[in-house]
>>> print(open('work01.txt').read())   # compact mmCIF, C-alpha atoms
# COMPACT_ATOMS: atom_id res chain seq x y z
CA MET A 96 7.08 -106.17 187.68
CA VAL A 97 8.32 -108.95 189.94
CA SER A 98 10.61 -106.69 191.98
CA ALA A 99 7.84 -104.11 192.45
CA LEU A 100 5.37 -106.72 193.66
CA VAL A 101 7.96 -108.32 195.92
CA ALA A 102 8.48 -104.94 197.57
CA VAL A 103 4.75 -104.39 198.06
CA PHE A 104 3.88 -107.84 199.39
CA GLY A 105 7.14 -107.95 201.34
CA LEU A 106 5.95 -104.99 203.40
CA ILE A 107 2.62 -106.74 203.99
CA ALA A 108 4.44 -109.88 205.11
CA LEU A 109 6.73 -107.83 207.35
CA GLY A 110 3.76 -106.23 209.08
CA HIS A 111 2.21 -109.64 209.63
CA LEU A 112 5.42 -111.03 211.13
CA LEU A 113 5.92 -107.99 213.36
CA ARG A 114 2.38 -108.36 214.69
CA ARG A 115 2.67 -112.12 215.26
CA HIS A 116 5.94 -111.77 217.17
CA ASP A 117 4.86 -108.67 219.15
CA PHE A 118 7.84 -106.66 217.88
CA VAL A 119 5.93 -103.50 218.75
CA PRO A 120 3.03 -103.05 221.21
CA PRO A 121 -0.32 -104.13 219.71
CA LEU A 122 -1.69 -100.60 220.15
CA PHE A 123 0.92 -99.39 217.66
CA TRP A 124 -1.04 -100.91 214.79
CA ASP A 125 -4.26 -99.13 215.73
CA GLY A 126 -2.42 -95.82 215.81
CA ALA A 127 -0.58 -96.53 212.55
CA GLU A 128 -3.82 -97.41 210.81
CA ARG A 129 -5.56 -94.26 212.04
CA LEU A 130 -2.60 -92.05 211.12
CA THR A 131 -2.46 -93.53 207.64
CA TYR A 132 -6.19 -93.58 206.94
CA TYR A 133 -7.10 -90.15 208.32
CA LEU A 134 -3.96 -88.11 207.56
CA ALA A 135 -1.19 -89.60 205.42
CA LEU A 136 -3.27 -91.21 202.67
CA PRO A 137 -5.65 -88.23 202.29
CA ALA A 138 -2.59 -85.95 202.03
CA LEU A 139 -1.17 -88.12 199.25
CA LEU A 140 -4.47 -88.10 197.34
CA VAL A 141 -4.92 -84.35 197.69
CA VAL A 142 -1.47 -83.47 196.36
CA ARG A 143 -1.57 -86.01 193.52
CA LEU A 144 -5.01 -84.93 192.32
CA ALA A 145 -4.27 -81.22 192.78
CA GLU A 146 -1.24 -81.51 190.50
CA ALA A 147 -2.77 -83.95 188.00
CA PRO A 148 -3.16 -82.74 184.38
CA LEU A 149 -6.79 -83.81 184.28
CA GLY A 150 -7.42 -82.14 180.94
CA GLU A 151 -4.89 -84.43 179.27
CA LEU A 152 -6.29 -87.70 180.63
CA PRO A 153 -9.16 -89.89 179.34
CA LEU A 154 -11.33 -89.28 182.39
CA LEU A 155 -14.63 -90.45 180.89
CA PRO A 156 -13.34 -93.86 179.72
CA ILE A 157 -11.60 -94.35 183.08
CA ALA A 158 -14.82 -93.59 184.96
CA VAL A 159 -16.96 -95.74 182.66
CA LEU A 160 -14.65 -98.75 182.96
CA LEU A 161 -14.21 -98.58 186.73
CA ILE A 162 -17.84 -97.85 187.60
CA GLY A 163 -19.05 -100.39 185.04
CA GLY A 164 -16.69 -102.99 186.48
CA ILE A 165 -17.87 -102.32 190.03
CA ALA A 166 -21.51 -102.59 188.96
CA ALA A 167 -20.85 -105.82 187.04
CA ALA A 168 -18.95 -107.43 189.94
CA GLY A 169 -21.67 -106.54 192.41
CA GLY A 170 -24.35 -107.66 189.95
CA ILE A 171 -22.76 -111.08 189.52
CA LEU A 172 -22.71 -111.62 193.27
CA TRP A 173 -26.30 -110.40 193.59
CA VAL A 174 -27.46 -112.95 191.01
CA ILE A 175 -25.63 -115.91 192.53
CA ALA A 176 -26.15 -114.94 196.20
CA PRO A 177 -29.34 -117.02 196.73
CA GLY A 178 -27.34 -120.17 195.96
CA LEU A 179 -24.52 -119.13 198.30
CA GLY A 180 -26.51 -118.51 201.46
CA GLY A 181 -28.87 -115.65 200.68
CA ARG A 182 -28.62 -111.89 201.11
CA GLY A 183 -27.91 -111.28 204.77
CA PRO A 184 -24.92 -109.90 206.67
CA GLY A 185 -22.62 -112.42 204.97
CA PHE A 186 -23.71 -111.13 201.57
CA THR A 187 -22.73 -107.57 202.53
CA SER A 188 -19.21 -108.70 203.42
CA ALA A 189 -18.87 -110.70 200.21
CA LEU A 190 -20.19 -107.72 198.25
CA GLN A 191 -17.51 -105.44 199.68
CA GLY A 192 -14.99 -108.14 198.84
CA THR A 193 -15.95 -108.10 195.16
CA PHE A 194 -15.07 -104.49 194.37
CA ARG A 195 -13.43 -102.45 197.18
CA PRO A 196 -9.72 -101.97 196.35
CA ASN A 197 -6.84 -102.01 198.80
CA THR A 198 -5.68 -98.45 198.32
CA TYR A 199 -2.21 -99.04 199.69
CA VAL A 200 -1.45 -102.01 197.45
CA GLY A 201 -2.82 -100.19 194.40
CA LEU A 202 -0.93 -96.95 194.96
CA ALA A 203 2.32 -98.63 195.95
CA THR A 204 2.28 -100.99 192.97
CA ALA A 205 1.29 -98.28 190.50
CA GLY A 206 4.09 -96.05 191.74
CA ALA A 207 6.66 -98.84 191.70
CA LEU A 208 5.73 -99.96 188.18
CA TYR A 209 4.91 -96.68 186.45
CA GLY A 210 6.42 -93.91 188.58
CA SER A 211 4.78 -90.52 188.88
CA GLU A 212 2.42 -91.20 185.98
CA GLY A 213 1.24 -94.37 187.68
CA LEU A 214 0.61 -92.57 190.97
CA THR A 215 -1.39 -89.86 189.20
CA LEU A 216 -3.53 -92.42 187.36
CA ALA A 217 -3.94 -94.34 190.61
CA ALA A 218 -5.16 -91.23 192.42
CA ILE A 219 -7.66 -90.55 189.65
CA SER A 220 -8.85 -94.16 189.80
CA LEU A 221 -9.40 -93.77 193.53
CA ALA A 222 -11.27 -90.51 193.01
CA VAL A 223 -13.70 -92.45 190.82
CA MET A 224 -13.90 -95.63 192.89
CA VAL A 225 -13.91 -94.45 196.52
CA PRO A 226 -17.26 -92.60 196.50
CA VAL A 227 -18.94 -95.30 194.40
CA VAL A 228 -17.80 -98.31 196.45
CA ASN A 229 -18.66 -96.54 199.70
CA ILE A 230 -22.16 -95.66 198.54
CA ILE A 231 -22.88 -99.22 197.39
CA ALA A 232 -21.34 -100.84 200.48
CA ILE A 233 -23.14 -98.60 202.95
CA ALA A 234 -26.46 -99.01 201.11
CA ALA A 235 -26.09 -102.82 201.26
CA LEU A 236 -25.15 -102.77 204.95
CA VAL A 237 -28.06 -100.50 205.83
CA ARG A 238 -30.42 -102.84 203.96
CA PHE A 239 -29.01 -106.27 204.88
CA GLY A 240 -26.81 -105.69 207.94
CA ASN A 241 -27.69 -106.54 211.53
CA THR A 242 -27.37 -103.06 213.02
CA PRO A 243 -30.64 -101.94 214.67
CA HIS A 244 -32.42 -99.13 212.84
CA ASP A 245 -32.00 -96.69 215.72
CA ARG A 246 -28.20 -97.18 215.68
CA ARG A 247 -27.68 -96.84 211.94
CA PRO A 248 -25.85 -93.67 210.94
CA SER A 249 -27.10 -91.27 208.33
CA PHE A 250 -26.36 -92.73 204.90
CA LEU A 251 -25.20 -89.41 203.43
CA ALA A 252 -23.14 -88.54 206.51
CA SER A 253 -21.38 -91.92 206.40
CA VAL A 254 -20.23 -91.26 202.84
CA ILE A 255 -19.29 -87.60 203.28
CA ARG A 256 -17.33 -88.21 206.50
CA ASN A 257 -15.09 -90.76 204.76
CA PRO A 258 -11.62 -89.11 204.74
CA LEU A 259 -10.75 -90.56 201.34
CA VAL A 260 -13.94 -89.17 199.79
CA MET A 261 -13.18 -85.73 201.24
CA ALA A 262 -9.55 -85.91 200.08
CA CYS A 263 -10.59 -86.82 196.53
CA LEU A 264 -13.13 -83.99 196.37
CA LEU A 265 -10.61 -81.47 197.71
CA GLY A 266 -7.88 -82.65 195.34
CA LEU A 267 -10.19 -82.44 192.32
CA ALA A 268 -11.36 -78.96 193.36
CA LEU A 269 -7.75 -77.79 193.67
CA SER A 270 -6.92 -79.29 190.28
CA PHE A 271 -9.58 -77.15 188.60
CA ALA A 272 -8.76 -74.04 190.66
CA PRO A 273 -7.24 -71.08 188.75
CA ILE A 274 -4.16 -71.00 191.01
CA ALA A 275 -1.69 -73.75 191.86
CA LEU A 276 -1.27 -75.25 195.30
CA PRO A 277 1.46 -73.23 197.12
CA ALA A 278 4.84 -74.96 196.97
CA ALA A 279 5.25 -75.12 200.75
CA ILE A 280 1.84 -76.74 201.24
CA SER A 281 2.44 -79.13 198.37
CA ALA A 282 5.80 -80.18 199.87
CA PHE A 283 4.20 -80.67 203.31
CA LEU A 284 1.38 -82.81 201.92
CA ASP A 285 3.79 -84.79 199.77
CA GLY A 286 6.06 -85.46 202.74
CA LEU A 287 3.14 -86.56 204.89
CA GLY A 288 1.81 -88.71 202.07
CA GLN A 289 5.11 -90.56 201.73
CA ALA A 290 4.36 -92.26 205.06
CA ALA A 291 1.04 -93.63 203.80
CA LEU A 292 2.19 -96.53 201.67
CA PRO A 293 4.78 -98.33 203.83
CA LEU A 294 2.73 -97.83 207.00
CA GLY A 295 -0.51 -98.79 205.27
CA LEU A 296 0.97 -101.95 203.76
CA MET A 297 2.47 -103.09 207.07
CA ALA A 298 -0.79 -102.32 208.89
CA ALA A 299 -2.66 -104.38 206.30
CA GLY A 300 -0.30 -107.29 206.99
CA ALA A 301 -0.74 -106.89 210.73
CA GLY A 302 -4.50 -107.23 210.28
CA LEU A 303 -4.40 -110.57 208.46
CA TYR A 304 -6.27 -113.27 210.37
CA TRP A 305 -6.09 -116.95 209.45
CA GLY A 306 -8.45 -118.31 212.08
CA GLU A 307 -11.76 -118.57 210.18
CA LEU A 308 -10.98 -119.28 206.53
CA THR A 309 -13.55 -122.10 206.60
CA ARG A 310 -16.36 -119.64 207.47
CA SER A 311 -18.94 -119.37 204.65
CA PRO A 312 -16.57 -120.92 202.08
CA ARG A 313 -18.91 -120.38 199.12
CA LEU A 314 -19.24 -116.64 199.74
CA LEU A 315 -15.53 -116.42 200.49
CA GLY A 316 -14.63 -118.19 197.25
CA ALA A 317 -17.12 -116.29 195.09
CA ALA A 318 -16.01 -112.87 196.35
CA SER A 319 -12.35 -113.74 195.83
CA VAL A 320 -12.74 -115.14 192.31
CA ILE A 321 -14.81 -112.14 191.22
CA LYS A 322 -12.43 -109.62 192.77
CA LEU A 323 -9.09 -111.11 191.79
CA LEU A 324 -9.90 -112.59 188.36
CA VAL A 325 -13.27 -111.66 186.88
CA LEU A 326 -13.21 -107.92 187.61
CA PRO A 327 -9.66 -107.23 186.32
CA ALA A 328 -10.29 -109.39 183.25
CA GLY A 329 -13.41 -107.40 182.44
CA VAL A 330 -11.76 -104.04 183.01
CA GLY A 331 -8.76 -105.10 180.94
CA ALA A 332 -10.96 -106.19 178.05
CA GLY A 333 -12.79 -102.88 178.23
CA ALA A 334 -9.53 -100.91 178.23
CA LEU A 335 -8.38 -102.74 175.11
CA ALA A 336 -11.75 -102.23 173.41
CA LEU A 337 -11.66 -98.48 174.13
CA GLY A 338 -8.09 -98.17 172.90
CA LEU A 339 -6.62 -96.77 176.10
CA ASP A 340 -2.85 -96.46 176.23
CA PRO A 341 -1.08 -99.43 177.88
CA VAL A 342 -0.08 -97.62 181.09
CA THR A 343 -3.59 -96.27 181.74
CA GLY A 344 -5.11 -99.66 181.01
CA ALA A 345 -2.59 -101.43 183.25
CA VAL A 346 -3.33 -99.12 186.20
CA LEU A 347 -7.06 -99.74 185.79
CA VAL A 348 -6.47 -103.51 185.69
CA LEU A 349 -4.26 -103.14 188.75
CA PHE A 350 -6.93 -101.34 190.77
CA ALA A 351 -9.56 -103.84 189.66
CA GLY A 352 -7.36 -106.77 190.67
CA VAL A 353 -5.89 -105.72 194.02
CA PRO A 354 -7.30 -107.44 197.13
CA ALA A 355 -10.08 -105.83 199.12
CA SER A 356 -9.37 -103.03 201.56
CA ALA A 357 -8.97 -103.33 205.33
CA SER A 358 -11.58 -100.57 205.65
CA CYS A 359 -14.13 -103.21 204.61
CA TYR A 360 -13.69 -104.87 208.00
CA ILE A 361 -14.19 -101.60 209.88
CA LEU A 362 -17.37 -100.87 207.94
CA ALA A 363 -18.68 -104.43 208.42
CA ARG A 364 -18.08 -104.20 212.16
CA GLN A 365 -19.72 -100.79 212.47
CA LEU A 366 -22.79 -101.42 210.31
CA GLY A 367 -23.76 -105.00 211.14
CA GLY A 368 -22.01 -106.98 208.43
CA ASP A 369 -20.34 -110.35 208.94
CA ALA A 370 -17.01 -109.06 210.32
CA PRO A 371 -15.33 -112.50 210.76
CA LEU A 372 -16.19 -113.40 207.15
CA MET A 373 -14.86 -110.02 206.04
CA ALA A 374 -11.57 -110.70 207.84
CA SER A 375 -11.34 -114.08 206.10
CA ILE A 376 -11.98 -112.50 202.69
CA LEU A 377 -9.25 -109.91 203.29
CA THR A 378 -6.77 -112.56 204.39
CA LEU A 379 -7.44 -114.98 201.54
CA GLN A 380 -7.45 -112.27 198.87
CA THR A 381 -4.22 -110.69 200.13
CA ALA A 382 -2.46 -114.05 200.08
CA ALA A 383 -3.91 -115.08 196.70
CA ALA A 384 -3.07 -111.71 195.10
CA VAL A 385 0.61 -112.63 195.28
CA ILE A 386 -0.23 -114.98 192.38
CA THR A 387 -3.26 -113.40 190.72
CA LEU A 388 -2.02 -109.79 190.51
CA PRO A 389 1.11 -110.50 188.42
CA LEU A 390 -1.01 -112.94 186.38
CA VAL A 391 -3.70 -110.43 185.37
CA LEU A 392 -1.20 -107.59 184.88
CA GLY A 393 1.12 -109.80 182.84
CA LEU A 394 -1.71 -111.03 180.62
CA PHE A 395 -2.95 -107.51 180.01
CA GLN A 396 0.53 -106.26 179.13
CA LEU A 397 1.04 -109.22 176.82
CA VAL A 398 -2.21 -108.59 174.95
CA ALA A 399 -1.69 -104.81 174.92
CA GLY A 400 1.80 -105.31 173.51
CA ASN A 401 3.46 -103.29 176.26
>>> encode(input="work01.txt", output="structure tokens")
Amino acid sequence: MVSALVAVFGLIALGHLLRRHDFVPPLFWDGAERLTYYLALPALLVVRLAEAPLGELPLLPIAVLLIGGIAAAGGILWVIAPGLGGRGPGFTSALQGTFRPNTYVGLATAGALYGSEGLTLAAISLAVMVPVVNIIAIAALVRFGNTPHDRRPSFLASVIRNPLVMACLLGLALSFAPIALPAAISAFLDGLGQAALPLGLMAAGAGLYWGELTRSPRLLGAASVIKLLVLPAGVGAGALALGLDPVTGAVLVLFAGVPASASCYILARQLGGDAPLMASILTLQTAAAVITLPLVLGLFQLVAGN
């Protein structure tokens, strides 16, 4: 586990160092992020879901655990929010920070630890989580964000246009189709998808910002504790209670316990959330996950006897 996590967080650290020392032009990172988010990562999700043996996997328990965990994490923050500064733009950023997973960290770690099976389970986890977290996040931003009503995008359009949502839907449709994905197309998508994880991890590192970690410290701390400790602990307990096999349970714990996604910042900036607070949450969680992720995974594996 240690070597896999070193590889993942090493790429994040490398991206951060390259950005700080201007090894490549700053515009490179914008292009890398767009390439990864709109092309490479969707390609990886499509091919993994299209080839997944969905009939052999415990899809209902996976969905129940992940959606239940997301709802519980958001519910905890909703209850304690009045004592942390209320439910305004800062709340929307903290809310995203409680349940949105960093796709690149999750996929890369699942693949490094559990190989092809881990990547397949990771893709299925994303197919469950991506639409749900986007719907909740956009609904909260529309309700509590600062964007004027006449500039707010259509709620449904914002969800449907998300490239990861579209990739998951397409991959699932292809999985249930009566014919297999042609070998040439599968190889093309797989090759394109291979670029997603290293580029995505380095781009995540390049986006880390240490300047405002003292901004809204109570919301920052609450979102991070819920995301990195409470949510994976709850999902892990549920996986044990439902009797899921150790690998499936570990991947679910992994996706519950990874830091929040860089796409949170984009959404906060576009829909009137507290973007500086969101950047602080991403930075703190990414740094803290170096400790918390092996902790929650190790504890689950110990209890599961794997």
>>> closest_residue(input="work01.txt", among="A:Gly240, A:Gly185, A:Gly110, A:Gly400", to="A:Val342", atoms="all atoms listed in the file")
A:Gly400
>>> closest_residue(input="work01.txt", among="A:Leu377, A:Gln191, A:Leu366, A:Ala268", to="A:Trp173", atoms="only C-alpha atoms")
A:Gln191
>>> closest_residue(input="work01.txt", among="A:Ala278, A:Ala168, A:Leu394, A:Leu140", to="A:Ala351", atoms="only C-alpha atoms")
A:Ala168
>>> residues_around(input="work01.txt", residues="A:Val200", least_positions_apart="2", cutoff="10 Å", atoms="all atoms listed in the file", output="PyMOL selection string")
chain A and resi 100+103-104+106-107+196-198+202-206+292-293+295-296+299+349-350+353-356+381
>>> closest_residue(input="work01.txt", among="A:Ala399, A:Leu314, A:Val159, A:Leu216", to="A:Leu190", atoms="only C-alpha atoms")
A:Leu314
>>> residues_around(input="work01.txt", residues="A:Pro226", least_positions_apart="6", cutoff="12 Å", atoms="all atoms listed in the file", output="VMD selection string")
chain A and resid 158 161 to 162 165 195 219 to 220 232 to 233 251 253 to 264
>>> closest_residue(input="work01.txt", among="A:Leu294, A:Ala234, A:Ala145, A:Ile274", to="A:Ala222", atoms="all atoms listed in the file")
A:Ala145
>>> closest_residue(input="work01.txt", among="A:Phe395, A:Phe283, A:Tyr209, A:Trp305", to="A:Gly333", atoms="only C-alpha atoms")
A:Phe395
>>> residues_near_point(input="work01.txt", point="(-2.2, -106.9, 181.4)", cutoff="12 Å", atoms="only C-alpha atoms", output="number ranges by chain")
A: 96, 324, 327-335, 340-352, 387-401
>>> residues_around(input="work01.txt", residues="A:Leu179", least_positions_apart="6", cutoff="12 Å", atoms="only C-alpha atoms", output="list of chain:residue names")
A:Leu172, A:Trp173, A:Gly185, A:Phe186, A:Ala189, A:Ser311, A:Pro312, A:Arg313, A:Leu314, A:Leu315, A:Gly316, A:Ala317, A:Ala318
>>> residues_around(input="work01.txt", residues="A:Val142", least_positions_apart="2", cutoff="8 Å", atoms="all atoms listed in the file", output="compact mmCIF listing (two decimals) with C-alpha atoms, keeping the file's coordinate frame")
# COMPACT_ATOMS: atom_id res chain seq x y z
CA ALA A 138 -2.59 -85.95 202.03
CA LEU A 139 -1.17 -88.12 199.25
CA LEU A 140 -4.47 -88.10 197.34
CA LEU A 144 -5.01 -84.93 192.32
CA ALA A 145 -4.27 -81.22 192.78
CA GLU A 146 -1.24 -81.51 190.50
CA GLY A 266 -7.88 -82.65 195.34
CA SER A 281 2.44 -79.13 198.37
CA LEU A 284 1.38 -82.81 201.92
CA ASP A 285 3.79 -84.79 199.77
>>> atom_distance(input="work01.txt", atom1="atom CA of A:Phe239", atom2="atom CA of A:Arg182")
6.8 Å
>>> atom_distance(input="work01.txt", atom1="atom CA of A:Ile230", atom2="atom CA of A:Val141")
20.6 Å
>>> atom_distance(input="work01.txt", atom1="atom CA of A:Arg364", atom2="atom CA of A:Leu326")
25.3 Å
>>> closest_atom_pairs(input="work01.txt", of="stretch 272-333 of chain A", to="stretch 357-361 of chain A", cutoff="12 Å", atoms="only C-alpha atoms", output="tab-separated table")
residue	atom	partner	partner_atom	distance
A:Gly295	CA	A:Ala357	CA	9.6
A:Leu296	CA	A:Ala357	CA	10.2
A:Met297	CA	A:Ala357	CA	11.6
A:Ala298	CA	A:Ala357	CA	9.0
A:Ala299	CA	A:Ala357	CA	6.5
A:Gly300	CA	A:Ala357	CA	9.7
A:Ala301	CA	A:Ala357	CA	10.5
A:Gly302	CA	A:Ala357	CA	7.7
A:Leu303	CA	A:Ala357	CA	9.1
A:Tyr304	CA	A:Tyr360	CA	11.5
>>> axis_aligned_box(input="work01.txt", around="stretch 358-373 of chain A", padding_each_side="8 Å", output="lines of an AutoDock Vina configuration file")
center_x = -17.7
center_y = -107.0
center_z = 208.5
size_x = 28.2
size_y = 28.8
size_z = 23.9
